[in-house]
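J.: So I've got this file, start_3.cif, and it contains mmCIF, C-alpha atoms:
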data_final
#
loop_
_atom_site.label_atom_id
_atom_site.label_comp_id
_atom_site.auth_asym_id
_atom_site.auth_seq_id
_atom_site.Cartn_x
_atom_site.Cartn_y
_atom_site.Cartn_z
CA MET A 1 -3.63 -11.29 26.77
CA LEU A 2 -0.91 -11.22 24.12
CA GLN A 3 1.02 -14.45 24.17
CA GLY A 4 4.02 -15.69 22.31
CA VAL A 5 4.23 -19.46 22.40
CA LYS A 6 7.60 -21.03 21.60
CA LEU A 7 8.27 -18.54 18.82
CA ALA A 8 11.19 -19.18 16.55
CA CYS A 9 12.60 -16.93 13.89
CA ALA A 10 15.20 -17.34 11.19
CA ARG A 11 16.29 -14.70 8.72
CA GLY A 12 18.37 -15.52 5.68
CA GLY A 13 18.79 -19.11 6.87
CA ARG A 14 20.30 -18.00 10.21
CA PRO A 15 18.30 -18.68 13.37
CA LEU A 16 17.74 -15.52 15.40
CA PHE A 17 15.80 -16.87 18.33
CA GLY A 18 13.85 -19.96 19.23
CA GLU A 19 11.53 -21.27 21.90
CA LEU A 20 10.61 -17.73 22.87
CA SER A 21 7.56 -17.63 25.16
CA PHE A 22 6.06 -14.68 26.98
CA GLU A 23 2.74 -13.21 27.98
CA VAL A 24 1.83 -9.52 28.10
CA GLU A 25 -1.07 -8.46 30.29
CA PRO A 26 -3.35 -5.42 29.93
CA GLY A 27 -1.71 -2.30 31.34
CA GLU A 28 1.74 -3.71 30.72
CA LEU A 29 4.57 -2.45 28.59
CA PHE A 30 6.64 -5.11 26.88
CA TRP A 31 10.07 -3.72 26.17
CA VAL A 32 12.12 -5.72 23.70
CA THR A 33 15.82 -4.90 23.86
CA GLY A 34 18.92 -6.32 22.28
CA PRO A 35 21.76 -5.41 19.94
CA ASN A 36 21.26 -4.69 16.24
CA GLY A 37 20.36 -7.77 14.29
CA SER A 38 19.07 -9.70 17.29
CA GLY A 39 15.57 -9.98 15.80
CA LYS A 40 13.66 -7.22 17.57
CA THR A 41 11.98 -5.97 14.44
CA SER A 42 11.30 -9.53 13.28
CA LEU A 43 9.64 -10.30 16.60
CA LEU A 44 7.46 -7.22 16.33
CA ARG A 45 6.50 -8.03 12.76
CA MET A 46 5.63 -11.53 13.92
CA LEU A 47 3.38 -10.14 16.62
CA CYS A 48 1.44 -8.11 14.08
CA THR A 49 1.13 -11.01 11.58
CA LEU A 50 3.36 -9.47 8.90
CA LEU A 51 5.93 -12.22 9.37
CA PRO A 52 4.84 -15.81 9.95
CA PRO A 53 6.92 -17.45 12.70
CA GLU A 54 9.22 -20.30 11.78
CA SER A 55 7.47 -22.30 14.50
CA GLY A 56 5.25 -21.55 17.46
CA GLU A 57 2.37 -19.10 17.41
CA VAL A 58 1.17 -15.74 18.62
CA ARG A 59 -2.07 -15.70 20.61
CA TRP A 60 -4.37 -12.81 21.36
CA ARG A 61 -7.03 -13.27 24.03
CA GLY A 62 -6.17 -16.95 23.91
CA TYR A 63 -6.71 -17.43 20.19
CA PRO A 64 -4.07 -17.76 17.49
CA VAL A 65 -3.82 -14.42 15.66
CA ARG A 66 -3.77 -16.13 12.26
CA ALA A 67 -7.27 -17.42 12.99
CA LEU A 68 -8.51 -14.09 14.37
CA GLY A 69 -7.44 -12.26 11.22
CA GLU A 70 -9.23 -8.99 10.74
CA SER A 71 -10.67 -8.75 14.25
CA TYR A 72 -7.09 -8.88 15.57
CA ARG A 73 -5.88 -6.31 13.07
CA ALA A 74 -8.73 -4.02 14.14
CA GLU A 75 -7.35 -3.96 17.69
CA LEU A 76 -3.80 -3.34 16.58
CA ALA A 77 -1.87 -0.15 15.97
CA TYR A 78 1.53 -0.82 14.41
CA LEU A 79 4.19 1.78 13.81
CA GLY A 80 7.04 0.29 11.86
CA HIS A 81 10.61 1.24 11.18
CA ALA A 82 9.51 3.04 8.04
CA PRO A 83 7.18 5.85 9.05
CA ALA A 84 4.60 5.22 6.28
CA VAL A 85 4.42 8.87 5.33
CA LYS A 86 4.79 10.39 1.87
CA ASP A 87 7.29 13.17 1.23
CA ASP A 88 5.01 14.75 -1.36
CA LEU A 89 2.09 15.19 1.00
CA SER A 90 1.78 17.66 3.85
CA ALA A 91 1.75 16.67 7.51
CA LEU A 92 -1.99 17.20 7.67
CA GLU A 93 -2.67 15.12 4.55
CA ASN A 94 -0.39 12.34 5.73
CA LEU A 95 -2.14 12.16 9.08
CA ARG A 96 -5.57 12.31 7.50
CA PHE A 97 -4.86 9.46 5.09
CA ALA A 98 -3.19 7.36 7.77
CA LEU A 99 -6.34 7.70 9.86
CA ALA A 100 -8.67 7.12 6.90
CA ARG A 101 -7.26 3.60 6.86
CA GLN A 102 -8.45 2.92 10.37
CA GLY A 103 -12.07 3.99 10.42
CA PRO A 104 -14.18 7.12 10.80
CA ALA A 105 -12.17 10.23 10.03
CA PRO A 106 -11.60 12.75 12.84
CA THR A 107 -12.44 16.38 12.22
CA GLU A 108 -9.97 18.85 10.78
CA ARG A 109 -9.70 20.56 14.17
CA GLU A 110 -8.80 17.31 15.95
CA LEU A 111 -6.15 16.59 13.34
CA LEU A 112 -4.65 20.05 13.69
CA GLY A 113 -4.78 19.72 17.48
CA ALA A 114 -2.81 16.48 17.35
CA LEU A 115 -0.21 17.95 15.02
CA GLU A 116 0.09 21.00 17.23
CA ALA A 117 0.60 18.80 20.29
CA PHE A 118 3.47 17.20 18.44
CA GLY A 119 5.05 20.57 17.79
CA LEU A 120 4.06 20.86 14.16
CA ALA A 121 1.91 23.96 14.40
CA GLN A 122 2.24 26.14 11.29
CA ARG A 123 4.04 23.32 9.53
CA GLU A 124 0.99 21.23 8.83
CA ASP A 125 0.71 22.39 5.21
CA LEU A 126 4.34 22.00 4.24
CA PRO A 127 5.25 18.98 2.12
CA LEU A 128 7.08 16.51 4.32
CA ARG A 129 10.25 16.72 2.33
CA ALA A 130 10.67 20.22 3.75
CA LEU A 131 10.68 18.83 7.29
CA SER A 132 13.47 17.25 9.29
CA GLN A 133 13.80 13.54 10.07
CA GLY A 134 12.53 14.08 13.59
CA GLN A 135 9.57 16.08 12.40
CA LYS A 136 8.59 13.31 9.98
CA ARG A 137 8.71 10.88 12.89
CA ARG A 138 6.43 13.24 14.82
CA VAL A 139 3.92 13.22 11.96
CA ALA A 140 3.87 9.42 12.05
CA LEU A 141 3.53 9.42 15.84
CA ALA A 142 0.67 11.93 15.85
CA ARG A 143 -1.45 8.97 14.76
CA LEU A 144 -1.17 7.56 18.28
CA ALA A 145 -3.45 10.33 19.53
CA PHE A 146 -6.27 8.62 17.62
CA CYS A 147 -5.46 5.03 18.54
CA ALA A 148 -6.89 5.08 22.06
CA GLN A 149 -9.48 2.45 21.11
CA ARG A 150 -6.91 0.04 19.81
CA ALA A 151 -5.87 -2.22 22.66
CA LEU A 152 -2.48 -3.28 21.34
CA TRP A 153 0.22 -0.83 20.28
CA ILE A 154 3.29 -2.26 18.61
CA LEU A 155 5.95 0.39 18.16
CA ASP A 156 9.25 -0.27 16.46
CA GLU A 157 11.87 2.29 17.51
CA PRO A 158 9.34 5.11 17.88
CA LEU A 159 11.85 7.38 19.60
CA THR A 160 14.47 7.43 16.85
CA ALA A 161 15.43 10.96 15.83
CA LEU A 162 13.15 12.55 18.43
CA ASP A 163 14.24 15.33 20.77
CA ASN A 164 13.55 15.29 24.51
CA ALA A 165 10.27 17.16 24.28
CA ALA A 166 8.89 14.70 21.75
CA VAL A 167 10.13 11.72 23.77
CA GLU A 168 8.24 13.11 26.78
CA LEU A 169 5.14 13.45 24.64
CA VAL A 170 5.32 9.86 23.42
CA ARG A 171 5.91 8.72 27.00
CA GLY A 172 2.75 10.57 28.00
CA HIS A 173 0.80 8.72 25.31
CA LEU A 174 2.25 5.38 26.42
CA GLU A 175 1.38 6.05 30.06
CA ALA A 176 -2.15 7.06 29.17
CA HIS A 177 -2.57 3.96 27.04
CA LEU A 178 -1.36 1.65 29.81
CA ALA A 179 -3.60 3.42 32.29
CA ARG A 180 -6.53 2.67 29.98
CA GLY A 181 -5.61 -0.99 30.19
CA GLY A 182 -3.95 -1.11 26.82
CA LEU A 183 -0.86 -3.11 25.90
CA VAL A 184 2.31 -1.68 24.43
CA VAL A 185 5.10 -3.60 22.74
CA LEU A 186 8.13 -1.41 22.21
CA THR A 187 11.70 -1.50 20.98
CA SER A 188 14.02 1.35 21.70
CA HIS A 189 17.72 1.90 21.99
CA GLN A 190 17.20 5.07 23.95
CA GLU A 191 16.85 4.78 27.71
CA VAL A 192 13.49 6.18 28.67
CA ASP A 193 12.16 6.74 32.15
CA LEU A 194 9.51 4.07 32.41
CA SER A 195 9.55 3.90 36.20
CA ARG A 196 5.90 4.74 36.53
CA MET A 197 4.83 1.99 34.16
CA ARG A 198 4.53 -1.74 34.55
CA VAL A 199 7.33 -2.99 32.38
CA GLN A 200 8.25 -6.45 31.26
CA ARG A 201 11.67 -6.59 29.65
CA LEU A 202 12.79 -9.13 27.09
CA ARG A 203 16.41 -9.20 26.04
CA LEU A 204 17.25 -10.82 22.73
CA ASP A 205 20.85 -11.80 22.14
CA ALA A 206 22.47 -11.89 18.77
CA MET B 1 -13.91 -13.93 20.88
CA ASN B 2 -13.48 -12.73 24.43
CA PRO B 3 -13.03 -15.63 26.78
CA ALA B 4 -15.01 -15.42 30.01
CA GLY B 5 -13.11 -13.92 32.89
CA GLU B 6 -11.18 -11.49 30.73
CA THR B 7 -11.33 -8.20 32.57
CA SER B 8 -9.58 -5.48 30.69
CA ARG B 9 -10.51 -1.86 30.99
CA ILE B 10 -10.31 -1.44 27.26
CA ALA B 11 -13.74 -2.92 26.91
CA VAL B 12 -14.18 -5.34 24.09
CA GLY B 13 -17.44 -3.64 23.31
CA ARG B 14 -15.63 -0.41 22.66
CA SER B 15 -13.14 -1.85 20.29
CA ALA B 16 -15.84 -3.67 18.38
CA PRO B 17 -17.23 -0.73 16.38
CA GLY B 18 -13.79 0.09 15.07
CA ALA B 19 -13.25 -3.58 14.47
CA ALA B 20 -14.25 -5.50 11.41
CA GLY B 21 -17.12 -3.02 11.38
CA ALA B 22 -15.04 -0.09 10.11
CA PRO B 23 -16.91 0.69 6.92
CA LEU B 24 -15.23 -0.43 3.74
CA TRP B 25 -15.97 2.41 1.36
CA PRO B 26 -14.33 5.29 3.25
CA VAL B 27 -11.16 3.21 3.55
CA LEU B 28 -11.11 2.42 -0.17
CA ALA B 29 -11.94 6.02 -1.06
CA GLY B 30 -9.10 7.14 1.20
CA VAL B 31 -6.65 4.91 -0.66
CA VAL B 32 -7.80 6.21 -4.06
CA ARG B 33 -7.77 9.86 -2.97
CA ARG B 34 -4.33 9.54 -1.46
CA ASP B 35 -2.86 7.95 -4.59
CA LEU B 36 -4.48 10.57 -6.83
CA LEU B 37 -3.15 13.36 -4.63
CA VAL B 38 0.36 11.92 -4.67
CA ALA B 39 0.11 11.64 -8.47
CA MET B 40 -1.01 15.28 -8.67
CA ARG B 41 1.99 16.34 -6.61
CA ARG B 42 4.29 14.47 -8.96
CA ARG B 43 2.65 15.61 -12.14
CA SER B 44 5.86 15.32 -14.14
CA ASP B 45 5.81 11.52 -13.68
CA VAL B 46 2.28 11.28 -14.99
CA LEU B 47 2.99 13.60 -17.90
CA THR B 48 6.10 11.61 -18.84
CA THR B 49 4.00 8.50 -19.48
CA PHE B 50 1.43 10.49 -21.38
CA PHE B 51 3.91 12.24 -23.67
CA PHE B 52 5.86 9.03 -24.16
CA PHE B 53 2.70 7.53 -25.64
CA ILE B 54 2.03 10.54 -27.87
CA ILE B 55 5.61 10.75 -29.13
CA VAL B 56 6.04 7.04 -29.84
CA VAL B 57 2.79 6.94 -31.81
CA SER B 58 3.66 10.12 -33.68
CA LEU B 59 7.13 8.93 -34.65
CA PHE B 60 5.81 6.13 -36.81
CA PRO B 61 4.16 8.25 -39.54
CA LEU B 62 7.40 10.25 -39.73
CA GLY B 63 9.52 7.14 -40.08
CA VAL B 64 7.28 5.04 -42.32
CA GLY B 65 6.32 7.84 -44.69
CA PRO B 66 3.03 9.45 -45.64
CA GLU B 67 1.52 6.58 -47.64
CA PRO B 68 -2.10 6.48 -46.27
CA GLY B 69 -2.64 2.79 -47.02
CA THR B 70 0.45 1.73 -45.05
CA LEU B 71 -0.39 4.06 -42.18
CA ARG B 72 -3.92 2.71 -41.90
CA GLU B 73 -2.53 -0.79 -41.83
CA ILE B 74 0.05 -0.25 -39.10
CA ALA B 75 -2.09 2.10 -36.96
CA PRO B 76 -3.76 -0.47 -34.66
CA GLY B 77 -0.52 -2.24 -33.85
CA VAL B 78 1.41 0.97 -33.31
CA VAL B 79 -1.16 2.50 -30.97
CA TRP B 80 -1.51 -0.66 -28.93
CA VAL B 81 2.21 -1.38 -28.64
CA ALA B 82 2.76 2.22 -27.56
CA ALA B 83 -0.01 1.87 -24.97
CA LEU B 84 1.59 -1.32 -23.67
CA LEU B 85 4.98 0.32 -23.30
CA ALA B 86 3.57 3.49 -21.77
CA SER B 87 1.59 1.60 -19.17
CA MET B 88 4.65 -0.47 -18.34
CA LEU B 89 6.69 2.65 -17.87
CA ALA B 90 4.32 3.76 -15.12
CA LEU B 91 4.28 0.46 -13.24
CA SER B 92 7.38 1.13 -11.20
CA ARG B 93 5.43 3.81 -9.33
CA LEU B 94 2.43 1.65 -8.51
CA LEU B 95 3.79 -0.15 -5.45
CA ALA B 96 7.52 0.47 -5.09
CA GLY B 97 7.18 3.83 -3.35
CA ASP B 98 4.63 2.56 -0.86
CA TYR B 99 6.79 -0.47 -0.22
CA ALA B 100 9.83 1.65 0.54
CA ASP B 101 8.12 4.07 2.92
CA GLY B 102 6.17 1.47 4.87
CA THR B 103 2.70 2.33 3.58
CA LEU B 104 2.20 -1.17 2.18
CA GLU B 105 2.80 -2.62 5.64
CA GLN B 106 0.10 -0.40 7.03
CA LEU B 107 -2.27 -1.37 4.22
CA ALA B 108 -1.62 -5.05 4.93
CA LEU B 109 -2.63 -4.45 8.57
CA VAL B 110 -5.91 -2.73 7.81
CA PRO B 111 -8.83 -4.93 8.89
CA GLN B 112 -10.38 -4.67 5.43
CA PRO B 113 -9.24 -7.30 2.89
CA LEU B 114 -5.99 -6.37 1.18
CA VAL B 115 -7.40 -7.60 -2.13
CA LEU B 116 -9.88 -4.72 -2.19
CA LEU B 117 -7.28 -2.15 -1.13
CA VAL B 118 -5.09 -3.38 -3.96
CA LEU B 119 -7.99 -3.02 -6.36
CA ALA B 120 -8.43 0.58 -5.18
CA LYS B 121 -4.76 1.29 -5.79
CA ILE B 122 -4.99 -0.21 -9.28
CA ALA B 123 -8.06 1.90 -10.00
CA ALA B 124 -6.24 5.08 -8.96
CA HIS B 125 -3.27 4.05 -11.06
CA TRP B 126 -5.47 3.47 -14.10
CA LEU B 127 -7.12 6.89 -13.66
CA VAL B 128 -3.78 8.68 -13.97
CA THR B 129 -2.03 6.42 -16.49
CA GLY B 130 -4.66 4.49 -18.49
CA LEU B 131 -7.48 6.95 -18.84
CA PRO B 132 -5.37 9.73 -20.45
CA LEU B 133 -4.29 7.25 -23.14
CA VAL B 134 -7.91 6.36 -23.87
CA VAL B 135 -8.77 10.04 -24.21
CA ILE B 136 -5.93 11.02 -26.51
CA ALA B 137 -5.83 7.87 -28.67
CA PRO B 138 -8.60 8.87 -31.13
CA LEU B 139 -6.76 12.10 -31.87
CA LEU B 140 -3.56 10.18 -32.55
CA GLY B 141 -5.51 7.76 -34.71
CA LEU B 142 -6.33 10.66 -37.03
CA GLN B 143 -2.63 10.90 -37.92
CA PHE B 144 -2.97 7.45 -39.41
CA ASP B 145 -6.05 8.33 -41.44
CA LEU B 146 -8.20 5.80 -39.58
CA PRO B 147 -11.90 5.96 -40.47
CA PHE B 148 -14.35 7.09 -37.81
CA GLY B 149 -15.66 3.58 -37.15
CA ALA B 150 -12.17 2.23 -36.52
CA LEU B 151 -11.43 5.13 -34.17
CA THR B 152 -14.50 4.30 -32.09
CA VAL B 153 -13.55 0.64 -31.95
CA MET B 154 -10.00 1.55 -30.96
CA THR B 155 -11.27 3.74 -28.11
CA ALA B 156 -13.65 1.03 -26.94
CA GLY B 157 -10.81 -1.48 -27.05
CA LEU B 158 -8.59 0.80 -25.00
CA VAL B 159 -11.35 1.33 -22.44
CA LEU B 160 -11.52 -2.44 -21.96
CA GLY B 161 -7.83 -3.15 -22.41
CA THR B 162 -5.94 -0.51 -20.42
CA PRO B 163 -7.41 -1.61 -17.05
CA VAL B 164 -6.17 -5.12 -17.88
CA LEU B 165 -2.70 -3.69 -18.47
CA SER B 166 -2.82 -2.00 -15.07
CA MET B 167 -3.98 -5.18 -13.34
CA ILE B 168 -1.49 -7.55 -14.95
CA GLY B 169 1.15 -4.92 -14.33
CA ALA B 170 0.23 -4.79 -10.66
CA VAL B 171 0.92 -8.50 -10.30
CA GLY B 172 4.35 -8.00 -11.89
CA ALA B 173 5.05 -4.92 -9.77
CA ALA B 174 4.17 -6.83 -6.59
CA LEU B 175 6.31 -9.82 -7.57
CA THR B 176 9.34 -7.61 -8.17
CA LEU B 177 9.05 -5.64 -4.91
CA GLY B 178 12.41 -5.33 -3.23
CA VAL B 179 14.21 -7.03 -6.11
CA ARG B 180 17.37 -5.50 -7.52
CA GLY B 181 16.99 -4.37 -11.12
CA ALA B 182 13.24 -4.62 -10.77
CA GLY B 183 12.58 -2.51 -13.88
CA GLY B 184 14.08 -4.90 -16.41
CA LEU B 185 12.67 -7.96 -14.71
CA LEU B 186 9.25 -6.34 -14.60
CA ALA B 187 9.31 -5.83 -18.37
CA LEU B 188 10.30 -9.46 -19.00
CA LEU B 189 7.61 -10.65 -16.64
CA VAL B 190 4.75 -8.48 -17.77
CA LEU B 191 5.15 -7.94 -21.53
CA PRO B 192 4.44 -11.59 -22.51
CA LEU B 193 1.29 -11.47 -20.39
CA TYR B 194 0.16 -8.38 -22.31
CA VAL B 195 0.08 -10.38 -25.56
CA PRO B 196 -3.63 -11.36 -25.49
CA VAL B 197 -4.62 -7.74 -24.92
CA LEU B 198 -2.43 -6.66 -27.83
CA ILE B 199 -3.82 -9.31 -30.16
CA PHE B 200 -7.50 -8.70 -29.42
CA GLY B 201 -7.12 -4.94 -29.10
CA ALA B 202 -5.27 -4.45 -32.36
CA GLY B 203 -7.34 -7.16 -34.01
CA ALA B 204 -10.55 -5.27 -33.23
CA VAL B 205 -9.30 -2.13 -34.97
CA THR B 206 -7.97 -4.04 -37.98
CA ALA B 207 -11.27 -5.88 -38.37
CA SER B 208 -13.25 -2.68 -38.15
CA ALA B 209 -11.00 -0.89 -40.65
CA ALA B 210 -11.51 -3.82 -43.03
CA GLY B 211 -15.25 -3.43 -42.72
CA LEU B 212 -15.79 -6.50 -40.52
CA SER B 213 -17.45 -6.64 -37.13
CA ALA B 214 -15.20 -6.01 -34.15
CA ALA B 215 -17.69 -7.45 -31.69
CA GLY B 216 -15.86 -10.74 -31.31
CA HIS B 217 -12.54 -9.13 -30.48
CA LEU B 218 -14.14 -6.68 -28.09
CA SER B 219 -16.05 -9.33 -26.20
CA LEU B 220 -12.86 -11.37 -25.85
CA LEU B 221 -11.18 -8.25 -24.45
CA GLY B 222 -14.10 -7.89 -22.05
CA ALA B 223 -13.64 -11.50 -20.98
CA VAL B 224 -9.94 -10.89 -20.34
CA LEU B 225 -10.91 -7.83 -18.29
CA LEU B 226 -13.30 -9.85 -16.13
CA LEU B 227 -10.77 -12.62 -15.66
CA SER B 228 -8.06 -10.24 -14.55
CA LEU B 229 -10.53 -8.43 -12.28
CA VAL B 230 -11.02 -11.70 -10.46
CA PHE B 231 -7.47 -13.00 -10.37
CA ALA B 232 -5.05 -10.07 -10.61
CA PRO B 233 -5.88 -8.24 -7.32
CA TRP B 234 -5.82 -11.55 -5.50
CA ALA B 235 -2.42 -12.49 -6.93
CA THR B 236 -1.10 -9.00 -6.27
CA ALA B 237 -2.20 -9.10 -2.65
CA ALA B 238 -0.59 -12.50 -2.16
CA ALA B 239 2.65 -11.28 -3.74
CA ILE B 240 2.63 -8.18 -1.51
CA ARG B 241 2.27 -10.31 1.61
CA ILE B 242 5.22 -12.43 0.54
CA ALA B 243 7.29 -9.33 -0.20
CA LEU B 244 6.52 -7.93 3.25
CA GLU B 245 7.74 -11.01 5.12
#
I'd like the structure from this file rewritten - as structure tokens, please.
T.:
Amino acid sequence: MLQGVKLACARGGRPLFGELSFEVEPGELFWVTGPNGSGKTSLLRMLCTLLPPESGEVRWRGYPVRALGESYRAELAYLGHAPAVKDDLSALENLRFALARQGPAPTERELLGALEAFGLAQREDLPLRALSQGQKRRVALARLAFCAQRALWILDEPLTALDNAAVELVRGHLEAHLARGGLVVLTSHQEVDLSRMRVQRLRLDA
Amino acid sequence: MNPAGETSRIAVGRSAPGAAGAPLWPVLAGVVRRDLLVAMRRRSDVLTTFFFFIIVVSLFPLGVGPEPGTLREIAPGVVWVAALLASMLALSRLLAGDYADGTLEQLALVPQPLVLLVLAKIAAHWLVTGLPLVVIAPLLGLQFDLPFGALTVMTAGLVLGTPVLSMIGAVGAALTLGVRGAGGLLALLVLPLYVPVLIFGAGAVTASAAGLSAAGHLSLLGAVLLLSLVFAPWATAAAIRIALE
């Protein structure tokens, strides 16, 4: 359903990878691994149209994503390296505004429920600068609880700075999403137990 | 868009309502509300711009001396130049923060057109940096012994002109995203583009103080406003996409 066709990428004049082809099916997790600087983030940004490929193209449901435009973006949930949260806003406000960008707003109770599930109960009104790195990550990840309708999740290092409990929680969300027939594209340096999921691994070499 | 034979359990029909169909206004309102809230939390930044404007304008009567004729003559230029500088001072906060924390990426991936989201951000920025200048300017004009008619014209000019400053500034801010020493470059890039606003804005006040009609200057300012409404958000969005690559 998500296809990379002969993708090539160069950063700063240096080729990172070329002729990269793959296809990810519904219910499948696509795990991109490789050392630092091997182009994992670039590949993910290519898949979500932020970075145009040097050559080749990305296809979704058989159509080039450039042509699909907004209807592709509407099916996509991207969580980048930067967590897209503001230090001046509280966890609750950050989550609410992140979700306001993607359609009808959930109720206050649903928002609080999601934050509580991510271990942020009683911290939802604190400005984010009072929280730890891992807790900020959790605020960004709480968004996943509301992305069930989005078929394609692209997550760049979502497990950075998370403790075991939070990693388990994210794993639960990934499993549920795959079980729904969603697709997940993931980079992670941490080893995670993905044995119960259908995984396709891609190793990029520097 | 779903080729026949595609059988995924995430039904296409279910993703459709969230799709292009996600209503536009709540998304835009969300962007504006978020930016206003962030500005409220960092009130000192907003107040800095505001007091910078007041102080710069107030310094001139002290430096030039209390001769009413001279003051009346320099008033339009002083107020407008101060407004230009004040609005430039605030530009570094328009996009740089959102670029650094990844929010711009997320905005670029929203199904709604980035041009409109950019326009919403500019509107929020104008509300916290441009509007206060418009409100306080008539009061500052009194220091220069401007007649009532000229004060009205000056306010009208600022109402038309300060949004233009925000919009041209947004293009500059987007072009300098991720650039080292962005502040200085931004000034070099944006100040020359502010010149038409300065000329017509100050010209309107001068004309009115001299007893002439300011309508010509004001309608030219209005034309500049319309032009930048059409082109500036578009250019800003394009520059943001390039910066994100």
J.: Which residue is closest to B:Ala86? Choose from B:Gly102, B:Gly149, B:Gly169, B:Pro68 and count only C-alpha atoms.
T.: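 Among B:Gly102, B:Gly149, B:Gly169, B:Pro68, it is B:Gly169 that comes nearest to B:Ala86.
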J.: Just want the 9 Å neighbourhood of A:Arg45, counted on all atoms listed in the file, with same-chain residues fewer than 6 positions away dropped. Output as a ChimeraX atom specification.
T.: /A:51-52,78,80,154 /B:245
J.: Using all atoms listed in the file, pick whichever of A:Leu47, A:His81, A:Pro106, A:Gln200 has the shortest atom-to-atom distance to A:Arg66.
T.: A:Leu47
J.: When distances are computed from only C-alpha atoms, which of B:Gly161, B:Gly201, B:Gly172, B:Pro66 shows the smallest separation from B:Ala96?
T.: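 The answer is B:Gly172, which sits nearest to B:Ala96.
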J.: With all atoms listed in the file as the atoms that count, which of A:Leu92, A:Ala165, A:Ala151, A:Leu16 lies nearest to chain B?
T.: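 Answer, going by the shortest atom-to-atom distance: A:Ala151.
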J.: Any idea which chain A residues end up within 8 Å of chain B if we count all atoms listed in the file, as JSON, numbers by chain please?
T.: {"A": [26, 48, 50, 51, 52, 61, 62, 69, 70, 71, 72, 73, 74, 75, 78, 80, 81, 82, 83, 84, 85, 86, 88, 89, 97, 100, 101, 102, 103, 104, 149, 150, 151, 180, 181, 182]}
J.: Could the residues in this selection be saved with C-alpha atoms as a PDB file, in the coordinates of the input?
T.:
ATOM      1  CA  PRO A  26      -3.350  -5.420  29.930  1.00  0.00           C
ATOM      2  CA  CYS A  48       1.440  -8.110  14.080  1.00  0.00           C
ATOM      3  CA  LEU A  50       3.360  -9.470   8.900  1.00  0.00           C
ATOM      4  CA  LEU A  51       5.930 -12.220   9.370  1.00  0.00           C
ATOM      5  CA  PRO A  52       4.840 -15.810   9.950  1.00  0.00           C
ATOM      6  CA  ARG A  61      -7.030 -13.270  24.030  1.00  0.00           C
ATOM      7  CA  GLY A  62      -6.170 -16.950  23.910  1.00  0.00           C
ATOM      8  CA  GLY A  69      -7.440 -12.260  11.220  1.00  0.00           C
ATOM      9  CA  GLU A  70      -9.230  -8.990  10.740  1.00  0.00           C
ATOM     10  CA  SER A  71     -10.670  -8.750  14.250  1.00  0.00           C
ATOM     11  CA  TYR A  72      -7.090  -8.880  15.570  1.00  0.00           C
ATOM     12  CA  ARG A  73      -5.880  -6.310  13.070  1.00  0.00           C
ATOM     13  CA  ALA A  74      -8.730  -4.020  14.140  1.00  0.00           C
ATOM     14  CA  GLU A  75      -7.350  -3.960  17.690  1.00  0.00           C
ATOM     15  CA  TYR A  78       1.530  -0.820  14.410  1.00  0.00           C
ATOM     16  CA  GLY A  80       7.040   0.290  11.860  1.00  0.00           C
ATOM     17  CA  HIS A  81      10.610   1.240  11.180  1.00  0.00           C
ATOM     18  CA  ALA A  82       9.510   3.040   8.040  1.00  0.00           C
ATOM     19  CA  PRO A  83       7.180   5.850   9.050  1.00  0.00           C
ATOM     20  CA  ALA A  84       4.600   5.220   6.280  1.00  0.00           C
ATOM     21  CA  VAL A  85       4.420   8.870   5.330  1.00  0.00           C
ATOM     22  CA  LYS A  86       4.790  10.390   1.870  1.00  0.00           C
ATOM     23  CA  ASP A  88       5.010  14.750  -1.360  1.00  0.00           C
ATOM     24  CA  LEU A  89       2.090  15.190   1.000  1.00  0.00           C
ATOM     25  CA  PHE A  97      -4.860   9.460   5.090  1.00  0.00           C
ATOM     26  CA  ALA A 100      -8.670   7.120   6.900  1.00  0.00           C
ATOM     27  CA  ARG A 101      -7.260   3.600   6.860  1.00  0.00           C
ATOM     28  CA  GLN A 102      -8.450   2.920  10.370  1.00  0.00           C
ATOM     29  CA  GLY A 103     -12.070   3.990  10.420  1.00  0.00           C
ATOM     30  CA  PRO A 104     -14.180   7.120  10.800  1.00  0.00           C
ATOM     31  CA  GLN A 149      -9.480   2.450  21.110  1.00  0.00           C
ATOM     32  CA  ARG A 150      -6.910   0.040  19.810  1.00  0.00           C
ATOM     33  CA  ALA A 151      -5.870  -2.220  22.660  1.00  0.00           C
ATOM     34  CA  ARG A 180      -6.530   2.670  29.980  1.00  0.00           C
ATOM     35  CA  GLY A 181      -5.610  -0.990  30.190  1.00  0.00           C
ATOM     36  CA  GLY A 182      -3.950  -1.110  26.820  1.00  0.00           C
TER      37      GLY A 182
END
J.: Pick from B:Ser166, B:Thr236, B:Thr152, B:Thr176: nearest to B:Ser208, with only C-alpha atoms counted?
T.: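 Smallest separation from B:Ser208 among the options: B:Thr152.
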J.: Please provide as a list in words all residues within 10 Å of B:Val190, with the sequence filter that same-chain residues fewer than 2 positions apart are discarded (counting all atoms listed in the file).
T.: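 Final neighbour list, sorted by chain and number: Leu84, Met88, Leu165, Ile168, Gly169, Ala170, Val171, Gly172, Ala173, Leu185, Leu186, Ala187, Leu188, Pro192, Leu193, Tyr194 and Val195 of chain B.
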J.: Return as a list in words the set of residues that the PyMOL selection byres ((chain A and resi 192) around 12) yields on the displayed structure.
T.: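 For this structure, the PyMOL selection byres ((chain A and resi 192) around 12) resolves to Trp31, Glu157, Pro158, Leu159, Thr160, Asn164, Ala166, Val167, Glu168, Leu169, Val170, Arg171, Gly172, Leu174, Leu186, Thr187, Ser188, His189, Gln190, Glu191, Asp193, Leu194, Ser195, Arg196, Met197 and Val199 of chain A.
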